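Chemist: See run.cif below, with mmCIF, C-alpha atoms and all ligand atoms.
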data_start
loop_
_atom_site.label_atom_id
_atom_site.label_comp_id
_atom_site.auth_asym_id
_atom_site.auth_seq_id
_atom_site.Cartn_x
_atom_site.Cartn_y
_atom_site.Cartn_z
CA MET A 1 9.29 182.22 228.36
CA GLU A 2 13.04 181.65 228.81
CA SER A 3 14.34 178.56 227.03
CA ARG A 4 15.20 175.52 229.07
CA GLN A 5 18.62 173.85 228.91
CA THR A 6 18.67 170.52 227.09
CA ILE A 7 19.75 167.34 228.80
CA ASP A 8 19.88 163.68 227.74
CA LEU A 9 17.98 162.10 230.63
CA LEU A 10 15.87 163.21 233.55
CA VAL A 11 15.41 160.67 236.34
CA HIS A 12 12.48 162.11 238.23
CA SER A 13 9.90 161.69 240.98
CA ALA A 14 12.16 159.69 243.33
CA ALA A 15 10.47 159.14 246.69
CA GLN A 16 13.93 159.70 248.21
CA LEU A 17 16.90 161.01 246.25
CA LEU A 18 20.12 160.47 248.21
CA THR A 19 22.78 162.85 246.87
CA LEU A 20 25.52 162.20 249.47
CA ALA A 21 26.75 165.67 248.50
CA GLY A 22 29.53 167.43 250.36
CA GLY A 23 32.57 165.17 250.16
CA PRO A 24 33.94 162.35 252.34
CA GLN A 25 32.25 162.07 255.74
CA ARG A 26 34.56 161.95 258.72
CA GLY A 27 33.86 160.50 262.17
CA ARG A 28 30.45 161.21 263.65
CA ALA A 29 29.41 163.20 260.57
CA LEU A 30 29.01 159.84 258.78
CA GLY A 31 25.50 159.29 257.47
CA GLU A 32 24.61 162.64 255.85
CA LEU A 33 22.54 161.46 252.92
CA GLY A 34 21.55 164.82 251.41
CA LEU A 35 18.01 163.48 251.04
CA ILE A 36 15.62 165.22 248.65
CA GLU A 37 11.99 164.11 248.55
CA ASP A 38 10.35 163.94 245.14
CA GLY A 39 13.89 164.30 243.79
CA ALA A 40 15.30 164.35 240.28
CA VAL A 41 18.67 164.02 238.56
CA ALA A 42 19.48 165.79 235.30
CA ILE A 43 22.07 163.97 233.17
CA ARG A 44 24.01 165.34 230.22
CA ALA A 45 26.87 163.62 228.33
CA GLY A 46 27.28 160.99 231.04
CA ARG A 47 27.58 163.55 233.82
CA ILE A 48 25.25 165.05 236.35
CA ALA A 49 23.98 168.46 235.28
CA ALA A 50 21.95 169.05 238.44
CA THR A 51 20.00 167.46 241.26
CA GLY A 52 16.96 168.94 242.97
CA SER A 53 13.21 168.63 243.26
CA THR A 54 11.36 167.22 240.29
CA GLU A 55 9.48 170.47 239.97
CA ASP A 56 12.61 172.63 239.89
CA LEU A 57 14.46 170.45 237.44
CA ARG A 58 11.48 170.22 235.10
CA ARG A 59 11.38 173.99 235.08
CA THR A 60 15.09 174.26 234.27
CA PHE A 61 15.68 171.43 231.82
CA SER A 62 14.22 169.96 228.69
CA ALA A 63 15.06 166.26 228.56
CA ALA A 64 15.50 164.07 225.47
CA SER A 65 14.26 161.15 227.59
CA GLU A 66 12.81 160.63 231.02
CA LEU A 67 12.78 157.83 233.56
CA SER A 68 10.31 157.78 236.41
CA ALA A 69 11.59 156.63 239.80
CA ALA A 70 8.19 157.17 241.41
CA GLY A 71 7.93 155.50 244.79
CA ARG A 72 11.60 154.53 244.72
CA VAL A 73 14.98 155.44 246.19
CA VAL A 74 17.62 156.93 243.86
CA MET A 75 21.21 156.96 245.07
CA PRO A 76 24.82 156.86 243.85
CA GLY A 77 26.13 153.53 242.56
CA PHE A 78 28.04 151.51 245.13
CA VAL A 79 31.82 151.82 245.08
CA ASP A 80 33.54 148.62 246.25
CA PRO A 81 36.99 149.74 247.45
CA HIS A 82 38.52 146.29 248.10
CA THR A 83 38.20 143.24 245.85
CA HIS A 84 40.43 140.41 244.66
CA LEU A 85 38.20 140.03 241.60
CA VAL A 86 40.55 138.14 239.28
CA TRP A 87 41.42 134.54 240.16
CA ALA A 88 40.98 131.02 238.79
CA GLY A 89 39.35 128.05 240.53
CA ASP A 90 37.74 127.90 243.96
CA ARG A 91 38.53 126.80 247.52
CA ALA A 92 35.35 124.94 248.48
CA THR A 93 37.45 122.12 249.97
CA GLU A 94 39.16 124.56 252.33
CA PHE A 95 35.80 125.96 253.29
CA GLU A 96 34.85 122.50 254.53
CA GLN A 97 38.18 122.17 256.36
CA ARG A 98 37.64 125.50 258.07
CA ILE A 99 34.16 124.53 259.16
CA GLN A 100 35.75 121.50 260.77
CA GLY A 101 38.17 123.71 262.71
CA ALA A 102 41.29 124.39 260.57
CA SER A 103 42.33 128.06 260.76
CA TYR A 104 42.92 130.33 257.79
CA LEU A 105 46.57 131.00 258.69
CA GLU A 106 47.25 127.28 259.38
CA ILE A 107 45.98 126.41 255.92
CA LEU A 108 48.19 129.13 254.40
CA GLU A 109 51.23 127.91 256.35
CA ALA A 110 50.65 124.40 255.01
CA GLY A 111 50.85 125.73 251.43
CA GLY A 112 47.10 126.13 250.89
CA GLY A 113 44.96 129.25 251.13
CA ILE A 114 46.20 132.06 248.90
CA LEU A 115 48.93 129.71 247.61
CA SER A 116 46.41 127.19 246.34
CA THR A 117 44.66 129.93 244.34
CA VAL A 118 48.10 131.03 243.09
CA ARG A 119 48.72 127.54 241.71
CA ARG A 120 45.47 127.74 239.75
CA THR A 121 45.83 131.37 238.67
CA ARG A 122 49.51 131.49 237.73
CA PHE A 123 49.10 129.19 234.75
CA ALA A 124 45.66 130.41 233.66
CA SER A 125 45.59 132.21 230.33
CA LEU A 126 44.30 135.76 230.01
CA GLU A 127 41.16 134.32 228.37
CA THR A 128 40.56 131.96 231.32
CA LEU A 129 41.04 134.78 233.82
CA LEU A 130 38.55 136.93 231.93
CA ALA A 131 36.04 134.09 231.57
CA GLU A 132 36.16 133.26 235.29
CA SER A 133 36.08 136.85 236.54
CA ARG A 134 33.44 138.29 234.19
CA PRO A 135 30.48 136.52 235.83
CA ARG A 136 31.54 137.91 239.22
CA LEU A 137 31.69 141.37 237.76
CA ARG A 138 28.23 140.90 236.27
CA GLN A 139 26.90 139.95 239.69
CA MET A 140 28.54 143.02 241.22
CA LEU A 141 26.83 145.22 238.67
CA ALA A 142 23.45 143.56 239.20
CA TYR A 143 23.82 144.27 242.93
CA GLY A 144 24.59 147.91 242.25
CA THR A 145 28.38 148.23 242.18
CA THR A 146 29.31 150.73 239.48
CA THR A 147 33.02 151.11 240.35
CA ALA A 148 35.31 148.62 242.08
CA GLU A 149 38.93 148.38 243.06
CA ALA A 150 40.52 145.10 241.88
CA LYS A 151 43.80 143.61 243.06
CA THR A 152 46.38 141.31 241.54
CA GLY A 153 48.02 138.99 244.07
CA TYR A 154 47.45 135.44 242.83
CA GLY A 155 50.45 135.44 240.49
CA LEU A 156 53.34 136.21 242.86
CA GLU A 157 55.75 136.42 239.93
CA LEU A 158 56.08 139.29 237.51
CA GLU A 159 54.60 137.76 234.40
CA ALA A 160 51.58 136.28 236.16
CA GLU A 161 50.95 139.44 238.19
CA LEU A 162 51.02 141.51 235.00
CA ARG A 163 48.64 139.06 233.32
CA ILE A 164 46.17 139.62 236.15
CA LEU A 165 46.67 143.37 235.81
CA ARG A 166 46.04 143.06 232.08
CA ALA A 167 42.81 141.18 232.86
CA ILE A 168 41.72 143.97 235.21
CA LEU A 169 42.36 146.62 232.54
CA ALA A 170 40.58 144.53 229.88
CA LEU A 171 37.50 144.09 232.09
CA ASP A 172 37.54 147.80 232.86
CA SER A 173 37.62 148.58 229.14
CA GLU A 174 34.73 146.19 228.50
CA GLY A 175 32.63 148.02 231.09
CA PRO A 176 30.19 148.96 232.31
CA VAL A 177 31.70 148.45 235.78
CA GLU A 178 34.74 150.67 236.13
CA LEU A 179 37.76 149.01 237.73
CA VAL A 180 40.52 150.73 239.69
CA PRO A 181 43.61 148.50 239.74
CA THR A 182 45.90 147.60 242.65
CA PHE A 183 49.20 145.73 242.32
CA LEU A 184 49.58 143.20 245.14
CA PRO A 185 52.58 140.92 244.54
CA ALA A 186 53.09 141.17 248.32
CA HIS A 187 50.03 139.00 249.01
CA ALA A 188 51.88 135.86 250.16
CA ILE A 189 55.43 134.49 250.13
CA PRO A 190 55.58 132.14 247.13
CA GLN A 191 56.64 128.57 247.85
CA GLY A 192 60.39 128.02 247.71
CA TRP A 193 61.20 131.65 248.56
CA GLN A 194 62.57 133.27 251.68
CA PRO A 195 60.59 136.39 252.68
CA GLU A 196 63.66 138.65 252.37
CA GLU A 197 64.51 137.36 248.90
CA TYR A 198 60.97 137.75 247.65
CA VAL A 199 60.72 141.31 248.98
CA ALA A 200 64.02 142.12 247.27
CA LEU A 201 62.51 140.78 244.02
CA ILE A 202 59.41 142.94 244.47
CA CYS A 203 61.41 146.08 245.26
CA ASP A 204 64.28 145.67 242.80
CA GLN A 205 62.49 144.11 239.84
CA MET A 206 58.70 143.92 240.00
CA LEU A 207 57.90 147.50 241.01
CA PRO A 208 60.42 149.09 238.59
CA ALA A 209 59.06 146.81 235.84
CA LEU A 210 55.54 147.95 236.69
CA VAL A 211 56.56 151.57 236.07
CA VAL A 212 57.67 150.67 232.55
CA TRP A 213 54.68 148.40 231.90
CA TRP A 214 52.22 151.05 233.06
CA ALA A 215 53.72 153.71 230.81
CA ARG A 216 53.15 151.32 227.91
CA TYR A 217 49.78 149.71 228.76
CA GLY A 218 48.17 152.00 231.30
CA GLN A 219 46.43 154.04 228.56
CA GLY A 220 46.86 157.27 230.46
CA ARG A 221 45.06 156.01 233.57
CA PRO A 222 46.35 157.16 236.97
CA PRO A 223 48.96 154.74 238.37
CA PRO A 224 47.69 151.64 240.20
CA PHE A 225 47.74 151.35 243.96
CA VAL A 226 50.34 149.11 245.56
CA ASP A 227 49.12 147.00 248.49
CA VAL A 228 50.72 144.56 250.95
CA PHE A 229 49.29 141.83 253.23
CA CYS A 230 50.95 142.80 256.52
CA GLU A 231 50.45 139.66 258.61
CA LEU A 232 52.19 136.80 260.40
CA GLY A 233 53.05 134.18 257.80
CA ALA A 234 52.86 136.82 255.04
CA PHE A 235 54.79 140.13 255.27
CA ASP A 236 55.93 141.38 258.68
CA LEU A 237 56.05 145.08 259.45
CA SER A 238 59.60 145.71 258.23
CA LEU A 239 59.05 143.79 254.98
CA SER A 240 55.76 145.63 254.45
CA ARG A 241 57.55 148.91 255.01
CA ARG A 242 60.18 148.04 252.42
CA VAL A 243 57.55 147.25 249.78
CA LEU A 244 55.44 150.32 250.49
CA GLU A 245 58.37 152.74 250.75
CA ARG A 246 59.75 151.52 247.43
CA ALA A 247 56.31 151.83 245.81
CA HIS A 248 55.91 155.30 247.27
CA SER A 249 59.31 156.39 245.94
CA LEU A 250 58.24 155.23 242.48
CA GLY A 251 55.09 157.34 242.67
CA PHE A 252 52.46 154.67 243.37
CA PRO A 253 49.62 155.44 245.82
CA LEU A 254 49.44 152.92 248.67
CA LYS A 255 47.05 150.55 250.43
CA ILE A 256 47.59 147.97 253.14
CA HIS A 257 45.88 144.84 254.54
CA ALA A 258 46.43 145.68 258.21
CA ASP A 259 45.64 143.85 261.46
CA GLU A 260 43.36 141.20 259.91
CA PHE A 261 44.53 138.45 262.28
CA ASN A 262 47.41 139.97 264.25
CA PRO A 263 48.25 143.58 265.14
CA LEU A 264 51.66 144.13 263.55
CA GLY A 265 51.67 147.92 263.27
CA GLY A 266 50.40 148.12 259.70
CA THR A 267 47.86 150.84 260.45
CA ARG A 268 50.51 153.14 261.94
CA LEU A 269 52.65 152.48 258.86
CA ALA A 270 49.75 153.35 256.56
CA VAL A 271 49.27 156.70 258.29
CA GLU A 272 53.00 157.44 258.29
CA LEU A 273 53.25 156.80 254.55
CA GLY A 274 50.01 158.60 253.69
CA ALA A 275 48.33 155.49 252.30
CA ALA A 276 44.92 155.92 250.64
CA SER A 277 43.47 153.27 252.94
CA ALA A 278 44.16 150.75 255.68
CA ASP A 279 41.89 147.74 255.30
CA HIS A 280 40.47 145.06 257.69
CA LEU A 281 41.55 146.60 261.08
CA LEU A 282 40.06 143.72 263.07
CA GLN A 283 42.87 143.71 265.64
CA THR A 284 44.04 147.33 265.47
CA PRO A 285 44.92 148.81 268.88
CA ASP A 286 43.05 151.93 269.91
CA SER A 287 46.23 154.04 269.78
CA GLU A 288 46.55 153.30 266.06
CA LEU A 289 42.86 153.92 265.40
CA GLU A 290 43.45 157.31 266.96
CA LEU A 291 46.32 158.01 264.55
CA LEU A 292 44.15 156.84 261.68
CA GLY A 293 41.34 159.15 262.79
CA GLY A 294 43.67 162.14 262.61
CA SER A 295 44.75 161.30 259.06
CA ASP A 296 43.28 161.21 255.56
CA THR A 297 43.90 157.47 255.28
CA VAL A 298 40.49 155.83 254.89
CA ALA A 299 39.58 152.95 257.24
CA VAL A 300 38.09 150.21 255.07
CA GLY A 301 35.92 147.76 257.00
CA LEU A 302 35.31 144.37 255.38
CA PRO A 303 32.67 142.61 257.48
CA ALA A 304 32.09 139.83 254.93
CA THR A 305 35.58 138.53 255.77
CA PRO A 306 35.04 137.60 259.44
CA PHE A 307 31.56 136.45 258.45
CA GLY A 308 33.08 134.26 255.72
CA LEU A 309 35.58 132.86 258.22
CA GLY A 310 32.96 132.33 260.90
CA ALA A 311 35.02 134.62 263.14
CA ALA A 312 33.74 136.62 266.07
CA SER A 313 35.33 140.06 265.69
CA TYR A 314 34.17 142.71 263.25
CA PRO A 315 35.67 146.05 262.19
CA PRO A 316 35.62 148.48 265.14
CA ALA A 317 33.40 151.09 263.53
CA ARG A 318 32.46 152.92 266.71
CA ALA A 319 36.10 153.50 267.72
CA ILE A 320 37.02 154.53 264.18
CA LEU A 321 34.21 157.10 264.15
CA GLN A 322 34.92 158.31 267.69
CA HIS A 323 38.48 159.09 266.61
CA GLY A 324 37.23 161.00 263.60
CA GLY A 325 38.19 158.42 260.97
CA ILE A 326 36.84 158.23 257.42
CA LEU A 327 35.10 154.85 257.38
CA ALA A 328 34.37 152.95 254.17
CA LEU A 329 32.98 149.46 253.55
CA GLY A 330 33.93 146.89 250.91
CA THR A 331 33.25 143.23 250.11
CA ASP A 332 36.85 141.88 249.99
CA LEU A 333 35.53 139.58 247.23
CA ASN A 334 38.05 136.69 247.13
CA PRO A 335 38.00 132.87 246.92
CA GLY A 336 39.32 132.26 250.44
CA THR A 337 37.60 134.36 253.03
CA ALA A 338 34.70 136.12 251.29
CA TRP A 339 33.29 135.09 247.93
CA CYS A 340 30.75 137.89 248.08
CA GLU A 341 29.92 140.24 245.22
CA SER A 342 27.23 142.18 247.05
CA MET A 343 27.76 145.54 248.73
CA GLN A 344 24.17 145.20 249.95
CA PHE A 345 25.22 142.16 251.95
CA ALA A 346 28.19 144.11 253.37
CA ILE A 347 25.71 146.80 254.45
CA GLY A 348 23.42 144.24 256.10
CA LEU A 349 26.38 142.83 258.03
CA ALA A 350 27.78 146.25 258.94
CA CYS A 351 24.48 147.35 260.46
CA ARG A 352 24.28 144.25 262.64
CA THR A 353 27.92 143.60 263.54
CA MET A 354 29.50 147.07 263.42
CA GLY A 355 26.60 149.07 264.80
CA LEU A 356 26.20 151.27 261.71
CA SER A 357 22.85 152.79 260.84
CA PRO A 358 21.66 152.24 257.25
CA ALA A 359 22.47 155.90 256.50
CA GLN A 360 26.02 155.49 257.81
CA ALA A 361 26.50 152.27 255.87
CA ILE A 362 25.25 153.97 252.68
CA ALA A 363 27.76 156.82 253.07
CA ALA A 364 30.50 154.24 253.76
CA THR A 365 29.71 152.37 250.53
CA THR A 366 29.48 155.44 248.28
CA ILE A 367 31.34 158.70 248.95
CA ASN A 368 33.73 157.32 251.58
CA ALA A 369 34.45 154.23 249.51
CA ALA A 370 35.27 156.54 246.59
CA ALA A 371 37.73 158.37 248.87
CA ALA A 372 39.43 155.03 249.68
CA ILE A 373 40.35 154.72 245.99
CA HIS A 374 41.05 158.44 245.40
CA ARG A 375 37.98 158.87 243.22
CA ASP A 376 35.81 161.03 245.49
CA LYS A 377 36.07 164.00 243.12
CA SER A 378 34.40 162.08 240.27
CA ILE A 379 32.11 159.42 241.81
CA GLY A 380 30.43 158.41 245.10
CA SER A 381 27.84 161.20 245.23
CA LEU A 382 25.29 162.85 242.96
CA GLU A 383 26.61 166.38 242.43
CA PRO A 384 27.03 168.60 239.36
CA ASP A 385 29.87 167.53 237.05
CA LYS A 386 30.31 164.15 238.67
CA GLN A 387 29.83 160.96 236.67
CA ALA A 388 26.19 159.94 236.38
CA ASP A 389 26.55 156.58 238.16
CA LEU A 390 23.32 155.88 239.98
CA LEU A 391 20.90 153.26 241.21
CA ILE A 392 17.15 153.08 241.39
CA LEU A 393 16.11 150.75 244.20
CA GLY A 394 12.85 148.83 244.08
CA VAL A 395 11.89 150.25 247.47
CA SER A 396 10.76 153.64 248.75
CA ASP A 397 12.74 153.90 252.01
CA PHE A 398 16.56 153.88 252.10
CA ARG A 399 16.53 152.02 255.43
CA GLN A 400 15.44 148.90 253.57
CA LEU A 401 19.15 148.66 252.69
CA GLY A 402 20.59 146.92 255.71
CA TYR A 403 17.22 145.99 257.14
CA ARG A 404 16.62 143.48 254.37
CA PHE A 405 19.37 141.11 253.30
CA GLY A 406 19.92 138.23 250.92
CA THR A 407 17.74 139.67 248.17
CA ASN A 408 18.70 142.29 245.63
CA LEU A 409 16.99 145.65 246.16
CA VAL A 410 18.51 147.27 243.05
CA SER A 411 16.16 147.53 240.11
CA THR A 412 17.97 149.87 237.70
CA VAL A 413 21.65 150.75 237.28
CA ILE A 414 22.83 153.80 235.33
CA LYS A 415 26.55 154.07 234.54
CA LYS A 416 27.94 157.24 232.96
CA GLY A 417 24.40 158.22 232.04
CA GLN A 418 23.54 154.93 230.30
CA ILE A 419 20.95 152.48 231.61
CA VAL A 420 23.04 149.30 231.99
CA VAL A 421 20.67 147.23 234.13
CA ALA A 422 17.10 147.71 233.05
CA GLN A 423 14.33 148.24 235.49
CA ARG A 424 13.04 144.94 236.81
CA THR A 425 9.36 144.52 236.32
CA ASP A 426 8.87 142.71 239.63
CA GLY A 427 8.41 145.47 242.19
CA LEU A 428 9.98 144.82 245.58
CA ASP A 429 7.90 146.92 247.92
O1 LIG B 1 41.70 140.26 252.24
N1 LIG B 1 44.11 138.65 253.56
C1 LIG B 1 44.54 138.58 252.43
N2 LIG B 1 43.80 138.63 251.34
C2 LIG B 1 42.44 138.29 251.30
C3 LIG B 1 42.22 136.83 251.28
C4 LIG B 1 42.72 136.27 250.02
C5 LIG B 1 42.55 134.79 249.90
O2 LIG B 1 42.38 134.06 250.91
O3 LIG B 1 42.60 134.34 248.74
C6 LIG B 1 41.67 139.05 252.35
O4 LIG B 1 41.01 138.47 253.23
FE FE B 2 41.79 141.55 250.80
#
What does this structure look like when you write it as structure tokens?

Modeler:
Amino acid sequence: MESRQTIDLLVHSAAQLLTLAGGPQRGRALGELGLIEDGAVAIRAGRIAATGSTEDLRRTFSAASELSAAGRVVMPGFVDPHTHLVWAGDRATEFEQRIQGASYLEILEAGGGILSTVRRTRFASLETLLAESRPRLRQMLAYGTTTAEAKTGYGLELEAELRILRAILALDSEGPVELVPTFLPAHAIPQGWQPEEYVALICDQMLPALVVWWARYGQGRPPPFVDVFCELGAFDLSLSRRVLERAHSLGFPLKIHADEFNPLGGTRLAVELGAASADHLLQTPDSELELLGGSDTVAVGLPATPFGLGAASYPPARAILQHGGILALGTDLNPGTAWCESMQFAIGLACRTMGLSPAQAIAATTINAAAAIHRDKSIGSLEPDKQADLLILGVSDFRQLGYRFGTNLVSTVIKKGQIVVAQRTDGLD
């Protein structure tokens, strides 16, 4: 008998194994799960050696340990492509004001909103930032997020922005959730500054300083994304262009908060500059969704944000898909509009408010979300040589994601081949 290859772990007997194999899913192709019944995943040195039927993989591999997923769904870990994970304090008072009718942009204009979180965050020590953000990260992991993007943006001055960036890198090093950093000094105009002056500071001092800082502290990671909040009362289109063009010229990959409240042309700009993603898109005109659909810029829908604001419009998923766009979903975790750590909740909302099927929402939170942060070659699907980041759900049918909401369907989380959330004993089915 020929000898079988050795592996570290065999996850076997999954009722449904969702591989999401085949790369980012564009337009109407969204929702290809690559489903294998009675499926198994072979893991070696933190990576996927193979996926297939339990029978085939047992024949091929000899495993040092085994984990049964009998009667359960196995799928890639969620990738959250848009979070503002690191901040200090909360904005519960503003939540009450908004319920009573104050608008998000009015509160920002009056010096609240993002600026009130800036006042709390700017003077917080690194230790405080870590202590306040770590519990959120733990929740994200418990709900199945194995990789997340995380933005600065509550410092709005170099030293404080870099402290937030340092917190993101420290939390990434702690693990197990992997963090992909984004530099967002262009999140709001700090009090006492004219927009032009502040953009000059970002372009002439902060971004060049980031280049130097990253060479020293980036530990060989790929450079961070640079993002801008393109919005009335924040950065208009020409200021956003200046920030993003400067970042691009310095070699940073780009992201943009576009058309969240007002359509300023941010989506067109994202496509023109080859941004990794354009996020929110609540007010994007059809002509710009068409441009987006013809590009590699990922459309990131954030349905928890209008939900959090009690607003009526949701990301235009159908139009994005009709135009051939690559649609991803994220939480937008932040203290103002969406304190939500759960990608499962984003899926539940997306199915109801964006018309996505559970299969489409799953692809949008895994392989397409990985594309939004330029990580689709290493995570987001279960394919040979990719990182072994996977979930075992406590249910046997993938459609329970989306159908059920408000409870956690994840029972086991495996990150880089290690079991980091142990199987819950309380079955869900
Ligand atoms: O994506 N719109 C800008 N940024 C966040 C909100 C941040 C905040 O209110 O603190 C968003 O919704
Ligand atoms: Fe955001």

Chemist: Using all atoms listed in the file, which residue out of A:Asn334, A:Ser62, A:Thr128, A:Thr117 lies closest to ligand FE 2 (chain B)?

Modeler: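 Ranking A:Asn334, A:Ser62, A:Thr128, A:Thr117 by distance to ligand FE 2 (chain B), first place goes to A:Asn334.
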
Chemist: Which residues of chain A come within 8 Å of ligand LIG 1 (chain B), and what is each one's closest atom pair and distance in Å (one decimal), counting only C-alpha atoms and all ligand atoms, sorted by chain and residue number, as JSON lines?

Modeler:
{"residue": "A:His82", "atom": "CA", "partner": "B:LIG1", "partner_atom": "O1", "distance": 8.0}
{"residue": "A:Thr83", "atom": "CA", "partner": "B:LIG1", "partner_atom": "O1", "distance": 7.9}
{"residue": "A:His84", "atom": "CA", "partner": "B:LIG1", "partner_atom": "C4", "distance": 7.1}
{"residue": "A:Tyr104", "atom": "CA", "partner": "B:LIG1", "partner_atom": "O2", "distance": 7.8}
{"residue": "A:Gly113", "atom": "CA", "partner": "B:LIG1", "partner_atom": "O2", "distance": 5.5}
{"residue": "A:Ile114", "atom": "CA", "partner": "B:LIG1", "partner_atom": "O3", "distance": 4.3}
{"residue": "A:Leu115", "atom": "CA", "partner": "B:LIG1", "partner_atom": "O3", "distance": 7.9}
{"residue": "A:Thr117", "atom": "CA", "partner": "B:LIG1", "partner_atom": "O3", "distance": 6.6}
{"residue": "A:Tyr154", "atom": "CA", "partner": "B:LIG1", "partner_atom": "O3", "distance": 7.7}
{"residue": "A:His187", "atom": "CA", "partner": "B:LIG1", "partner_atom": "C1", "distance": 6.5}
{"residue": "A:Phe229", "atom": "CA", "partner": "B:LIG1", "partner_atom": "C1", "distance": 5.8}
{"residue": "A:His257", "atom": "CA", "partner": "B:LIG1", "partner_atom": "N1", "distance": 6.5}
{"residue": "A:Glu260", "atom": "CA", "partner": "B:LIG1", "partner_atom": "N1", "distance": 6.9}
{"residue": "A:His280", "atom": "CA", "partner": "B:LIG1", "partner_atom": "O1", "distance": 7.4}
{"residue": "A:Thr305", "atom": "CA", "partner": "B:LIG1", "partner_atom": "O4", "distance": 6.0}
{"residue": "A:Asp332", "atom": "CA", "partner": "B:LIG1", "partner_atom": "O1", "distance": 5.6}
{"residue": "A:Leu333", "atom": "CA", "partner": "B:LIG1", "partner_atom": "O1", "distance": 8.0}
{"residue": "A:Asn334", "atom": "CA", "partner": "B:LIG1", "partner_atom": "O3", "distance": 5.4}
{"residue": "A:Pro335", "atom": "CA", "partner": "B:LIG1", "partner_atom": "O3", "distance": 5.2}
{"residue": "A:Gly336", "atom": "CA", "partner": "B:LIG1", "partner_atom": "O2", "distance": 3.6}
{"residue": "A:Thr337", "atom": "CA", "partner": "B:LIG1", "partner_atom": "O2", "distance": 5.2}
{"residue": "A:Ala338", "atom": "CA", "partner": "B:LIG1", "partner_atom": "O4", "distance": 7.0}

Chemist: Give one line per residue of segment 30-113 of chain A that approaches segment 190-207 of chain A to at most 12 Å, naming the two atoms of the closest pair and their distance in Å to one decimal, counting all atoms listed in the file; sort by chain then ascending residue number and deliver it as a Markdown table.

Modeler:
| residue | atom | partner | partner_atom | distance |
| --- | --- | --- | --- | --- |
| A:Leu108 | CA | A:Gln191 | CA | 10.7 |
| A:Glu109 | CA | A:Gln191 | CA | 10.1 |
| A:Ala110 | CA | A:Gln191 | CA | 10.2 |
| A:Gly111 | CA | A:Gln191 | CA | 7.4 |
| A:Gly112 | CA | A:Gln191 | CA | 10.3 |
| A:Gly113 | CA | A:Pro190 | CA | 11.7 |

Chemist: Skipping near chain neighbours, those fewer than 4 positions away, what residues fall within 12 Å of Gly274 of chain A using only C-alpha atoms, listed as number ranges by chain?

Modeler: A: 244-245, 248, 252-256, 267-270, 278, 291-292, 294-298, 372

Chemist: Atom CA of Ala69 of chain A and atom CA of Gln400 of chain A are how many Å apart?

Modeler: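 Atom-to-atom, atom CA of Ala69 of chain A and atom CA of Gln400 of chain A are spaced 16.3 Å apart.
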
Chemist: At what distance in Å, to one decimal, does atom CA of Arg241 of chain A lie from atom CA of Ala215 of chain A?

Modeler: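 So the two atoms, atom CA of Ala215 of chain A and atom CA of Arg241 of chain A, lie 25.0 Å apart.
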
Chemist: Please compute the atom CA of Leu390 of chain A-atom CA of Thr365 of chain A distance, one decimal, in Å.

Modeler: 12.8 Å

Chemist: Might you pull out every residue within 10 Å of Gly293 of chain A, with only C-alpha atoms counted and same-chain residues fewer than 5 positions away left off, and present them as a list in words?

Modeler: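 After dropping sequence-adjacent residues, the list is Arg26, Gly27, Val271, Ser287, Glu288, Val298, Ala299, Ala319, Ile320, Leu321, Gln322, His323, Gly324, Gly325, Ile326 and Leu327 of chain A.
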
Chemist: For ligand FE 2 (chain B), which of A:Ala150, A:Ile168, A:Val118, A:Ala276 is the closest residue, counting all atoms listed in the file?

Modeler: A:Ala150

Chemist: Which residue gives the smallest distance to Ala304 of chain A among A:Met343, A:Ala14, A:Ala361, A:Met75, with only C-alpha atoms counted?

Modeler: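 Ranking A:Met343, A:Ala14, A:Ala361, A:Met75 by distance to Ala304 of chain A, first place goes to A:Met343.
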
Chemist: Once you count all atoms listed in the file, which residues end up no further than 7 Å from (16.5, 159.6, 239.6) in the file's frame, shown as a PyMOL selection string?

Modeler: chain A and resi 11-12+14+17+39-41+69+74+392

Chemist: Which centre and which edge lengths, in Å to one decimal, describe the axis-aligned box that holds all listed atoms of segment 401-407 of chain A after 5 Å is added on each side, as AutoDock Vina command-line options?

Modeler:
--center_x 18.6 --center_y 143.4 --center_z 252.7 --size_x 14.0 --size_y 20.4 --size_z 19.0

Chemist: Which residue, A:Ser396, A:Ser53, A:Gln139, A:Thr331, has the smallest gap to ligand FE 2 (chain B) when you use all atoms listed in the file?

Modeler: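 Checking each candidate against ligand FE 2 (chain B), we get A:Thr331 as the closest.
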
Chemist: Nearest to Leu356 of chain A: which of A:Thr93, A:Arg58, A:Pro224, A:Arg28 is it, counting all atoms listed in the file?

Modeler: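 So, comparing all the options, the nearest one is A:Arg28.
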
Chemist: Would you mind telling me which residue in A:Leu85, A:Ala312, A:Ala42, A:Leu409 lies nearest to Gln423 of chain A when using all atoms listed in the file?

Modeler: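 Checking each candidate against Gln423 of chain A, we get A:Leu409 as the closest.
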